[in-house]
$ cat upload-v7.cif   # mmCIF, C-alpha atoms
data_coords
loop_
_atom_site.label_atom_id
_atom_site.label_comp_id
_atom_site.auth_asym_id
_atom_site.auth_seq_id
_atom_site.Cartn_x
_atom_site.Cartn_y
_atom_site.Cartn_z
CA MET H 3 99.87 96.30 132.45
CA ASN H 4 103.28 97.69 133.21
CA ARG H 5 103.43 101.43 133.96
CA LYS H 6 106.43 101.92 131.68
CA VAL H 7 104.57 100.47 128.71
CA ILE H 8 101.58 102.71 129.34
CA LEU H 9 103.83 105.76 129.67
CA ILE H 10 105.71 104.97 126.46
CA ALA H 11 102.46 104.38 124.57
CA THR H 12 101.11 107.70 125.83
CA PHE H 13 104.21 109.55 124.65
CA MET H 14 104.03 107.84 121.27
CA MET H 15 100.44 108.95 120.82
CA LEU H 16 101.37 112.48 121.91
CA PHE H 17 104.20 112.66 119.38
CA ALA H 18 101.90 111.30 116.68
CA CYS H 19 99.31 114.00 117.39
CA VAL H 20 101.97 116.72 117.44
CA GLY H 21 103.32 115.49 114.12
CA LEU H 22 99.88 115.56 112.54
CA PHE H 23 99.12 119.09 113.66
CA ALA H 24 102.62 120.49 113.10
CA GLU H 25 101.95 120.98 109.41
CA GLY H 26 99.94 124.12 110.10
CA ALA H 27 97.42 125.89 107.91
CA GLU H 28 99.55 125.79 104.75
CA ALA H 29 99.51 121.99 104.58
CA THR H 30 98.27 120.47 101.37
CA ALA H 31 96.81 117.02 100.96
CA GLU H 32 100.11 115.66 99.63
CA SER H 33 102.26 116.89 102.51
CA SER H 34 99.63 115.77 105.00
CA SER H 35 99.65 112.24 103.62
CA SER H 36 103.45 112.16 103.62
CA ALA H 37 103.47 113.27 107.27
CA ALA H 38 101.01 110.48 108.07
CA LYS H 39 103.30 107.97 106.33
CA TYR H 40 106.26 108.99 108.48
CA ILE H 41 104.18 108.89 111.65
CA ALA H 42 102.86 105.43 110.76
CA ALA H 43 106.40 104.22 110.03
CA GLY H 44 107.62 105.59 113.37
CA ILE H 45 104.79 103.91 115.24
CA ALA H 46 105.50 100.60 113.46
CA VAL H 47 109.16 100.67 114.46
CA GLY H 48 108.44 101.94 117.98
CA VAL H 49 105.84 99.33 118.84
CA ALA H 50 107.89 96.51 117.31
CA CYS H 51 111.02 97.52 119.23
CA ILE H 52 109.14 97.84 122.52
CA ALA H 53 107.57 94.41 122.03
CA GLY H 54 110.91 92.93 120.95
CA GLY H 55 112.63 94.37 124.00
CA MET H 56 110.01 92.96 126.32
CA ALA H 57 110.29 89.55 124.65
CA VAL H 58 114.09 89.50 124.75
CA GLY H 59 114.04 90.47 128.42
CA LYS H 60 111.74 87.63 129.42
CA ILE H 61 113.22 85.00 127.11
CA GLY H 62 116.80 86.01 127.90
CA ALA H 63 116.21 85.78 131.64
CA ALA H 64 114.64 82.35 131.28
CA ALA H 65 117.44 81.18 128.97
CA MET H 66 120.16 82.35 131.35
CA GLY H 67 118.42 80.63 134.26
CA ALA H 68 118.16 77.39 132.31
CA MET H 69 121.80 77.59 131.21
CA SER H 70 122.98 78.16 134.77
CA GLU H 71 121.39 74.85 135.75
CA ASN H 72 122.40 72.94 132.63
CA PRO H 73 125.09 74.48 130.38
CA GLU H 74 124.23 72.11 127.54
CA LEU H 75 121.00 74.05 126.93
CA SER H 76 122.80 77.09 125.51
CA GLY H 77 122.47 75.81 121.95
CA LYS H 78 118.74 75.37 122.40
CA ALA H 79 117.97 78.53 124.35
CA LEU H 80 119.88 81.24 122.48
CA PRO H 81 118.04 80.87 119.13
CA PHE H 82 114.82 81.82 120.90
CA VAL H 83 116.41 85.11 121.94
CA GLY H 84 117.34 85.70 118.30
CA LEU H 85 113.77 85.02 117.23
CA ALA H 86 112.52 87.60 119.69
CA GLU H 87 114.99 90.15 118.29
CA GLY H 88 113.58 89.46 114.84
CA ILE H 89 110.38 91.24 115.89
CA CYS H 90 112.27 94.54 115.70
CA LEU H 91 113.50 93.74 112.21
CA TRP H 92 109.96 93.02 111.03
CA GLY H 93 108.84 96.39 112.41
CA PHE H 94 111.66 98.09 110.50
CA LEU H 95 110.68 96.24 107.32
CA VAL H 96 107.05 97.32 107.67
CA ALA H 97 108.14 100.92 108.22
CA LEU H 98 110.37 100.80 105.16
CA LEU H 99 107.51 99.48 103.04
CA ILE H 100 105.19 102.19 104.38
CA ILE H 101 107.66 104.92 103.42
CA ILE H 102 108.54 103.49 100.00
CA LEU H 103 105.04 102.55 98.93
#
$ encode --input "upload-v7.cif" --output "structure tokens"
Amino acid sequence: MNRKVILIATFMMLFACVGLFAEGAEATAESSSSAAKYIAAGIAVGVACIAGGMAVGKIGAAAMGAMSENPELSGKALPFVGLAEGICLWGFLVALLIIIL
């Protein structure tokens, strides 16, 4: 696995733990659950954006290589990059539903 991905995942877990324990001794059950909702929403967006970025990087490089050999492939290759970017939007949607519900 890539070292950057492991480092980012470690920082995300660290921030999640800090957010859980930042409430202190005066935390009630309601504020604790709301903090957990925000942490879960942040993790959903973070993981989706990291995965989307990795997918766009690989698909975009392959699409540009294919288009340099055959320019007629641009119409077929670019929608795949857009589909990979959609992963980030799904993560945002999940986070929004977590916060609202």
$ residues_around --input "upload-v7.cif" --residues "H:Ala43" --least-positions-apart "5" --cutoff "8 Å" --atoms "all atoms listed in the file" --output "PyMOL selection string"
chain H and resi 96-98+100-101
$ residues_near_point --input "upload-v7.cif" --point "(106.3, 109.0, 108.8)" --cutoff "12 Å" --atoms "only C-alpha atoms" --output "PyMOL selection string"
chain H and resi 17-18+21-22+33-48+96-103
$ residues_around --input "upload-v7.cif" --residues "H:Gly84" --least-positions-apart "2" --cutoff "12 Å" --atoms "only C-alpha atoms" --output "PyMOL selection string"
chain H and resi 54-55+57-59+61-62+65+77-82+86-91
$ atom_distance --input "upload-v7.cif" --atom1 "atom CA of H:Ala11" --atom2 "atom CA of H:Met56"
13.8 Å
$ atom_distance --input "upload-v7.cif" --atom1 "atom CA of H:Val83" --atom2 "atom CA of H:Lys60"
9.2 Å
$ closest_residue --input "upload-v7.cif" --among "H:Leu9, H:Met66, H:Leu75, H:Leu95" --to "H:Cys51" --atoms "all atoms listed in the file"
H:Leu95
$ atom_distance --input "upload-v7.cif" --atom1 "atom CA of H:Met15" --atom2 "atom CA of H:Leu85"
27.6 Å
$ closest_residue --input "upload-v7.cif" --among "H:Trp92, H:Ala68, H:Phe13, H:Glu74" --to "H:Ala53" --atoms "only C-alpha atoms"
H:Trp92
